[in-house]
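**Student:** Structure supplied as final02.cif; contents: mmCIF, C-alpha atoms and all ligand atoms.
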```
data_input
#
loop_
_atom_site.group_PDB
_atom_site.id
_atom_site.type_symbol
_atom_site.label_atom_id
_atom_site.label_comp_id
_atom_site.auth_asym_id
_atom_site.auth_seq_id
_atom_site.Cartn_x
_atom_site.Cartn_y
_atom_site.Cartn_z
ATOM 1 C CA MET A 1 113.056 217.366 -3.375
ATOM 2 C CA ILE A 2 109.877 215.245 -3.246
ATOM 3 C CA SER A 3 109.221 213.467 -6.515
ATOM 4 C CA PRO A 4 105.794 214.201 -8.060
ATOM 5 C CA ILE A 5 104.849 210.506 -7.876
ATOM 6 C CA ILE A 6 105.494 210.274 -4.154
ATOM 7 C CA PHE A 7 103.646 213.549 -3.670
ATOM 8 C CA ILE A 8 100.544 212.255 -5.519
ATOM 9 C CA PHE A 9 100.747 208.931 -3.677
ATOM 10 C CA SER A 10 100.846 210.633 -0.279
ATOM 11 C CA LEU A 11 97.906 212.838 -1.275
ATOM 12 C CA LEU A 12 95.927 209.714 -2.204
ATOM 13 C CA LEU A 13 96.833 208.057 1.093
ATOM 14 C CA SER A 14 95.766 211.038 3.148
ATOM 15 C CA SER A 15 92.469 211.450 1.299
ATOM 16 C CA CYS A 16 91.727 207.723 1.702
ATOM 17 C CA HIS A 17 92.535 207.983 5.354
ATOM 18 C CA ALA A 18 90.077 210.838 5.809
ATOM 19 C CA ALA A 19 87.298 208.910 4.018
ATOM 20 C CA VAL A 20 87.453 205.751 6.140
ATOM 21 C CA GLN A 21 85.141 205.528 9.114
ATOM 22 C CA ASP A 22 86.474 202.668 11.204
ATOM 23 C CA PHE A 23 83.576 202.606 13.636
ATOM 24 C CA CYS A 24 80.520 204.452 14.844
ATOM 25 C CA VAL A 25 80.096 203.863 18.570
ATOM 26 C CA ALA A 26 76.432 204.811 18.943
ATOM 27 C CA ASP A 27 75.629 207.947 20.888
ATOM 28 C CA PHE A 28 72.140 207.169 22.171
ATOM 29 C CA THR A 29 71.870 210.612 23.789
ATOM 30 C CA ALA A 30 71.705 212.205 20.313
ATOM 31 C CA PRO A 31 68.534 211.988 18.190
ATOM 32 C CA GLU A 32 68.314 209.049 15.796
ATOM 33 C CA SER A 33 68.114 209.858 12.083
ATOM 34 C CA PRO A 34 66.777 207.724 9.203
ATOM 35 C CA ALA A 35 70.425 206.699 8.669
ATOM 36 C CA GLY A 36 70.593 205.285 12.218
ATOM 37 C CA SER A 37 72.252 206.384 15.418
ATOM 38 C CA ALA A 38 74.636 209.316 15.726
ATOM 39 C CA CYS A 39 78.286 208.421 16.400
ATOM 40 C CA LYS A 40 80.146 209.262 19.547
ATOM 41 C CA LYS A 41 82.957 211.738 18.703
ATOM 42 C CA ALA A 42 86.006 209.607 17.773
ATOM 43 C CA ALA A 43 88.238 211.624 20.117
ATOM 44 C CA THR A 44 86.106 210.569 23.106
ATOM 45 C CA VAL A 45 86.047 206.851 22.211
ATOM 46 C CA THR A 46 88.237 204.651 24.422
ATOM 47 C CA ALA A 47 89.136 200.954 24.579
ATOM 48 C CA ASP A 48 86.337 200.475 27.132
ATOM 49 C CA ASP A 49 83.798 201.286 24.400
ATOM 50 C CA PHE A 50 84.883 198.129 22.557
ATOM 51 C CA VAL A 51 84.536 195.805 25.552
ATOM 52 C CA PHE A 52 81.312 194.408 27.008
ATOM 53 C CA SER A 53 81.424 192.540 30.298
ATOM 54 C CA GLY A 54 78.506 190.501 31.522
ATOM 55 C CA LEU A 55 78.163 187.403 29.370
ATOM 56 C CA GLY A 56 80.207 185.500 31.963
ATOM 57 C CA ILE A 57 77.360 185.803 34.449
ATOM 58 C CA ALA A 58 74.392 183.418 34.370
ATOM 59 C CA GLY A 59 71.065 185.128 33.686
ATOM 60 C CA ASN A 60 68.188 184.863 36.173
ATOM 61 C CA THR A 61 66.053 181.886 35.135
ATOM 62 C CA SER A 62 63.473 182.237 37.965
ATOM 63 C CA ASN A 63 60.647 182.974 35.551
ATOM 64 C CA LEU A 64 57.847 181.298 33.639
ATOM 65 C CA ILE A 65 60.065 179.975 30.847
ATOM 66 C CA LYS A 66 62.940 179.051 33.206
ATOM 67 C CA ALA A 67 65.283 180.727 30.762
ATOM 68 C CA ALA A 68 67.258 183.928 30.458
ATOM 69 C CA VAL A 69 68.731 185.679 27.450
ATOM 70 C CA THR A 70 71.477 188.191 28.210
ATOM 71 C CA SER A 71 71.983 190.346 25.133
ATOM 72 C CA ALA A 72 75.040 192.200 23.933
ATOM 73 C CA PHE A 73 73.199 193.974 21.117
ATOM 74 C CA ALA A 74 73.905 197.563 20.032
ATOM 75 C CA ALA A 75 71.498 198.837 22.709
ATOM 76 C CA GLN A 76 73.673 197.307 25.445
ATOM 77 C CA PHE A 77 76.979 197.497 23.552
ATOM 78 C CA PRO A 78 76.943 200.669 21.416
ATOM 79 C CA ALA A 79 80.278 199.871 19.689
ATOM 80 C CA LEU A 80 78.398 197.238 17.631
ATOM 81 C CA ASN A 81 76.408 199.980 15.912
ATOM 82 C CA GLY A 82 76.800 199.624 12.148
ATOM 83 C CA LEU A 83 78.990 196.515 12.315
ATOM 84 C CA GLY A 84 76.267 193.941 11.586
ATOM 85 C CA ILE A 85 77.156 191.580 14.430
ATOM 86 C CA SER A 86 76.105 190.908 18.034
ATOM 87 C CA LEU A 87 76.096 188.208 20.691
ATOM 88 C CA ALA A 88 73.867 186.875 23.457
ATOM 89 C CA ARG A 89 74.116 184.360 26.277
ATOM 90 C CA LEU A 90 71.355 181.838 26.827
ATOM 91 C CA ASP A 91 70.771 180.159 30.191
ATOM 92 C CA LEU A 92 68.250 177.329 30.381
ATOM 93 C CA ALA A 93 67.436 175.933 33.829
ATOM 94 C CA LEU A 94 66.014 172.396 34.080
ATOM 95 C CA ASP A 95 62.900 172.302 31.847
ATOM 96 C CA GLY A 96 63.787 175.781 30.598
ATOM 97 C CA VAL A 97 62.567 176.837 27.159
ATOM 98 C CA VAL A 98 62.913 179.759 24.800
ATOM 99 C CA PRO A 99 59.478 179.491 23.179
ATOM 100 C CA PHE A 100 58.964 179.932 19.431
ATOM 101 C CA HIS A 101 60.455 183.286 18.486
ATOM 102 C CA THR A 102 62.033 185.175 15.625
ATOM 103 C CA HIS A 103 64.767 187.768 15.206
ATOM 104 C CA PRO A 104 63.428 189.936 12.382
ATOM 105 C CA GLY A 105 66.803 191.640 11.854
ATOM 106 C CA GLY A 106 69.300 188.820 11.459
ATOM 107 C CA SER A 107 70.327 185.188 11.252
ATOM 108 C CA GLU A 108 71.514 183.417 14.397
ATOM 109 C CA ILE A 109 74.249 180.877 15.047
ATOM 110 C CA LEU A 110 74.115 179.114 18.415
ATOM 111 C CA ILE A 111 76.939 177.215 20.144
ATOM 112 C CA VAL A 112 76.255 174.999 23.143
ATOM 113 C CA GLU A 113 78.678 175.495 26.026
ATOM 114 C CA LYS A 114 77.066 173.223 28.629
ATOM 115 C CA GLY A 115 74.238 170.685 28.801
ATOM 116 C CA THR A 116 71.922 169.393 26.089
ATOM 117 C CA ILE A 117 69.605 171.604 24.074
ATOM 118 C CA CYS A 118 66.881 170.546 21.670
ATOM 119 C CA ALA A 119 66.787 173.352 19.116
ATOM 120 C CA GLY A 120 64.922 173.782 15.873
ATOM 121 C CA PHE A 121 63.219 176.032 13.380
ATOM 122 C CA VAL A 122 60.413 175.908 10.843
ATOM 123 C CA SER A 123 61.073 177.046 7.272
ATOM 124 C CA SER A 124 58.701 179.178 5.239
ATOM 125 C CA ALA A 125 57.799 175.961 3.396
ATOM 126 C CA ASN A 126 56.627 174.778 6.868
ATOM 127 C CA THR A 127 59.322 172.119 7.104
ATOM 128 C CA VAL A 128 60.608 171.429 10.629
ATOM 129 C CA TYR A 129 64.321 171.067 11.359
ATOM 130 C CA PHE A 130 65.348 170.148 14.895
ATOM 131 C CA GLU A 131 68.215 168.380 16.637
ATOM 132 C CA GLN A 132 69.640 167.526 20.041
ATOM 133 C CA LEU A 133 72.733 169.663 20.530
ATOM 134 C CA VAL A 134 75.541 168.946 23.007
ATOM 135 C CA LYS A 135 78.611 170.915 24.059
ATOM 136 C CA GLY A 136 80.447 172.259 21.034
ATOM 137 C CA ASP A 137 77.575 171.748 18.600
ATOM 138 C CA ILE A 138 76.447 174.763 16.634
ATOM 139 C CA MET A 139 73.171 175.311 14.825
ATOM 140 C CA VAL A 140 72.166 178.110 12.497
ATOM 141 C CA PHE A 141 68.704 179.713 12.406
ATOM 142 C CA PRO A 142 68.106 181.598 9.164
ATOM 143 C CA GLN A 143 66.876 185.188 9.417
ATOM 144 C CA GLY A 144 63.241 185.734 10.281
ATOM 145 C CA LEU A 145 62.300 182.068 10.758
ATOM 146 C CA LEU A 146 60.494 180.921 13.909
ATOM 147 C CA HIS A 147 62.739 178.821 16.149
ATOM 148 C CA PHE A 148 63.010 177.470 19.690
ATOM 149 C CA GLN A 149 65.459 176.083 22.247
ATOM 150 C CA VAL A 150 64.511 173.615 24.999
ATOM 151 C CA ASN A 151 66.721 172.222 27.764
ATOM 152 C CA SER A 152 66.464 168.511 27.018
ATOM 153 C CA GLY A 153 69.122 167.421 29.517
ATOM 154 C CA ARG A 154 69.337 166.909 33.259
ATOM 155 C CA ILE A 155 71.571 169.854 34.111
ATOM 156 C CA PRO A 156 71.208 173.585 33.439
ATOM 157 C CA ALA A 157 72.320 174.416 29.898
ATOM 158 C CA VAL A 158 74.323 177.364 28.605
ATOM 159 C CA ALA A 159 74.721 178.513 25.012
ATOM 160 C CA TYR A 160 75.972 181.587 23.198
ATOM 161 C CA ALA A 161 74.270 182.969 20.113
ATOM 162 C CA SER A 162 75.796 185.264 17.560
ATOM 163 C CA PHE A 163 73.731 187.335 15.120
ATOM 164 C CA SER A 164 74.284 188.871 11.688
ATOM 165 C CA SER A 165 72.914 192.174 12.955
ATOM 166 C CA ALA A 166 73.853 194.608 15.713
ATOM 167 C CA SER A 167 70.136 194.793 16.589
ATOM 168 C CA PRO A 168 68.529 191.477 15.568
ATOM 169 C CA GLY A 169 65.378 192.073 17.629
ATOM 170 C CA LEU A 170 63.344 189.405 19.430
ATOM 171 C CA GLN A 171 59.678 188.606 18.942
ATOM 172 C CA ILE A 172 58.236 185.699 20.960
ATOM 173 C CA THR A 173 55.064 184.244 19.438
ATOM 174 C CA ASP A 174 53.354 183.506 22.777
ATOM 175 C CA TYR A 175 53.925 187.079 23.908
ATOM 176 C CA VAL A 176 52.696 188.437 20.561
ATOM 177 C CA LEU A 177 49.434 186.550 21.032
ATOM 178 C CA PHE A 178 48.864 186.541 24.789
ATOM 179 C CA ALA A 179 50.881 189.342 26.430
ATOM 180 C CA ASN A 180 49.217 192.442 24.988
ATOM 181 C CA ASP A 181 45.722 193.927 24.488
ATOM 182 C CA LEU A 182 44.945 192.291 21.137
ATOM 183 C CA PRO A 183 41.211 191.529 21.581
ATOM 184 C CA THR A 184 40.560 187.903 22.545
ATOM 185 C CA GLU A 185 38.034 187.577 19.668
ATOM 186 C CA LEU A 186 40.757 188.609 17.205
ATOM 187 C CA VAL A 187 43.245 186.164 18.733
ATOM 188 C CA ALA A 188 40.589 183.437 18.373
ATOM 189 C CA ALA A 189 39.794 184.438 14.776
ATOM 190 C CA THR A 190 43.456 184.510 13.755
ATOM 191 C CA THR A 191 44.663 181.388 15.575
ATOM 192 C CA PHE A 192 41.593 179.054 15.714
ATOM 193 C CA LEU A 193 42.235 178.626 19.469
ATOM 194 C CA ASP A 194 39.215 178.680 21.736
ATOM 195 C CA ILE A 195 38.362 181.650 23.944
ATOM 196 C CA THR A 196 38.882 179.749 27.221
ATOM 197 C CA GLN A 197 42.410 178.721 26.292
ATOM 198 C CA ILE A 198 43.250 182.259 25.094
ATOM 199 C CA LYS A 199 41.979 183.835 28.338
ATOM 200 C CA LYS A 200 43.957 181.307 30.360
ATOM 201 C CA LEU A 201 47.178 182.098 28.481
ATOM 202 C CA LYS A 202 46.515 185.863 28.701
ATOM 203 C CA GLY A 203 46.164 185.382 32.458
ATOM 204 C CA VAL A 204 49.554 183.660 32.648
ATOM 205 C CA LEU A 205 51.407 186.028 30.300
ATOM 206 C CA GLY A 206 49.786 189.298 31.373
ATOM 207 C CA GLY A 207 47.585 190.024 28.362
ATOM 208 C CA THR A 208 44.263 191.848 28.558
ATOM 209 C CA GLY A 209 41.208 192.248 26.289
HETATM 210 C C1 LIG B 301 65.556 186.369 40.026
HETATM 211 O O1 LIG B 301 64.274 186.773 39.632
HETATM 212 C C2 LIG B 301 63.279 186.536 40.624
HETATM 213 C C3 LIG B 301 61.932 186.853 39.984
HETATM 214 O O2 LIG B 301 61.920 188.097 39.383
HETATM 215 C C4 LIG B 301 63.591 187.381 41.840
HETATM 216 O O3 LIG B 301 62.614 187.140 42.843
HETATM 217 C C5 LIG B 301 64.975 187.011 42.368
HETATM 218 O O4 LIG B 301 65.321 187.865 43.428
HETATM 219 C C6 LIG B 301 66.011 187.126 41.263
HETATM 220 N N1 LIG B 301 67.267 186.588 41.724
HETATM 221 C C7 LIG B 301 68.401 187.248 41.629
HETATM 222 C C8 LIG B 301 69.617 186.536 42.142
HETATM 223 O O5 LIG B 301 68.492 188.370 41.156
#
```
Could you show the structure in this file as structure tokens?
**Tutor:**
Amino acid sequence: MISPIIFIFSLLLSSCHAAVQDFCVADFTAPESPAGSACKKAATVTADDFVFSGLGIAGNTSNLIKAAVTSAFAAQFPALNGLGISLARLDLALDGVVPFHTHPGGSEILIVEKGTICAGFVSSANTVYFEQLVKGDIMVFPQGLLHFQVNSGRIPAVAYASFSSASPGLQITDYVLFANDLPTELVAATTFLDITQIKKLKGVLGGTG
């Protein structure tokens, strides 16, 4: 005969078990709700869902900034959905730079794997913090603050960045100002730059207006 205590204990265990949601692998084919993405049915989730391959491959740095960011955010790696973490690989060719940018959704911690990177950020008090980082050094960039990374060495540099969000987002200041149709007069009024310089940068970055 099962003792009443064991019976109650096993009831508690089973109800706890039912209440725990271990993961929510995002199902991007289903509509998004205010609560976020729908979850893939647990029965269809496999080990492959929890593995992302691709950060072992160098990104293509043949571009204006001579840099490439390969993201493993929730959009690329749906198993991260709801877990509050993500990762990216940063490749910086010689003279490569990730211009001033922010991740509105999370803080970043960067570890240098190869080369030398000058990295820094500016606080909301407008104080500048920057350092030369070498292999094994890590630097943290608090959430929302503008920061940059520049290859300051003589070989291509590689770093990995981890974020306190599954979808930290990326907003690059130069692109905000010069890669869209924000009217040139408004860019001038809000930045104090002159029209000639703004038009030149819009030409390089693809902006209009
Ligand atoms: C890298 O990007 C450039 C510019 O978009 C392109 O011409 C080139 O084919 C790409 N290289 C590789 C290996 O994909």
**Student:** Taking all atoms of ligand LIG 301 (chain B) that the file lists, what box with edges along x, y and z, padded by 5 Å per side, do you get, with centre and edge lengths in Å to one decimal, as JSON?
**Tutor:**
```
{"center_x": 65.8, "center_y": 187.4, "center_z": 41.4, "size_x": 17.7, "size_y": 12.0, "size_z": 14.0}
```
**Student:** Evaluate the PyMOL selection byres (((chain A and resi 39) around 7) and not hetatm) and record the selected residues as a PyMOL selection string, following the chain and residue labels used in the document.
**Tutor:** chain A and resi 24-27+37-38+40-41
**Student:** Write a file of the just-selected residues containing C-alpha atoms, as a PDB file, in the coordinates of the input.
**Tutor:**
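Output (again_10.pdb):
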```pdb
ATOM      1  CA  CYS A  24      80.520 204.452  14.844  1.00  0.00           C
ATOM      2  CA  VAL A  25      80.096 203.863  18.570  1.00  0.00           C
ATOM      3  CA  ALA A  26      76.432 204.811  18.943  1.00  0.00           C
ATOM      4  CA  ASP A  27      75.629 207.947  20.888  1.00  0.00           C
ATOM      5  CA  SER A  37      72.252 206.384  15.418  1.00  0.00           C
ATOM      6  CA  ALA A  38      74.636 209.316  15.726  1.00  0.00           C
ATOM      7  CA  LYS A  40      80.146 209.262  19.547  1.00  0.00           C
ATOM      8  CA  LYS A  41      82.957 211.738  18.703  1.00  0.00           C
TER       9      LYS A  41
END
```
**Student:** When the cut-off is 7 Å and you count only C-alpha atoms and all ligand atoms, which residues lie near ligand LIG 301 (chain B), shown as a PDB file with C-alpha atoms, in the coordinates of the input?
**Tutor:**
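Produced file result.pdb, reproduced below:
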```pdb
ATOM      1  CA  ASN A  60      68.188 184.863  36.173  1.00  0.00           C
ATOM      2  CA  THR A  61      66.053 181.886  35.135  1.00  0.00           C
ATOM      3  CA  SER A  62      63.473 182.237  37.965  1.00  0.00           C
ATOM      4  CA  ASN A  63      60.647 182.974  35.551  1.00  0.00           C
TER       5      ASN A  63
END
```
**Student:** Calculate how many Å separate atom CA of A:Gly120 from atom CA of A:Phe141, rounding to one decimal.
**Tutor:**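 Distance between the two atoms: 7.8 Å.
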**Student:** What is the distance between atom CA of A:Ile198 and atom CA of A:Glu185, in Å to one decimal?
**Tutor:**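 Computing it gives 9.2 Å between the two atoms.
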**Student:** Find, counting only C-alpha atoms, the residue in A:Leu80, A:Ala119, A:Val134, A:Ala74 that gets nearest to A:Gly169.
**Tutor:**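 Once distances to A:Gly169 are computed over only C-alpha atoms, the minimum belongs to A:Ala74.
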**Student:** Which residues are close to A:Ser123, i.e. within 8 Å by all atoms listed in the file, leaving aside same-chain residues fewer than 4 positions away? Reply as a list of chain:residue names.
**Tutor:**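 In the requested form, the answer reads A:Thr127, A:Val128, A:Tyr129, A:Leu145, A:Leu146.
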**Student:** Name every residue that the PyMOL selection byres (((chain A and resi 43-54) around 12) and not hetatm) selects in this structure, writing the answer as an NGL selection string with chains first and numbers rising.
**Tutor:** :A and (22-27 or 39-42 or 55-59 or 69-81 or 83 or 86-89)
**Student:** For the atom pair atom CA of A:Leu64 and atom CA of A:Phe192, what is the interatomic distance in Å to one decimal place?
**Tutor:** 24.3 Å
**Student:** Please provide as a PyMOL selection string all residues within 12 Å of A:Leu182, with the sequence filter that same-chain residues fewer than 2 positions apart are discarded (counting all atoms listed in the file).
**Tutor:** chain A and resi 175-180+184-190+198-199+202+206-209
**Student:** Counting all atoms listed in the file, figure out which residue out of A:Ala157, A:Pro104, A:Leu133, A:Thr116 gets nearest to A:Leu92.
**Tutor:**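 Distance minimum relative to A:Leu92 lands on A:Ala157.
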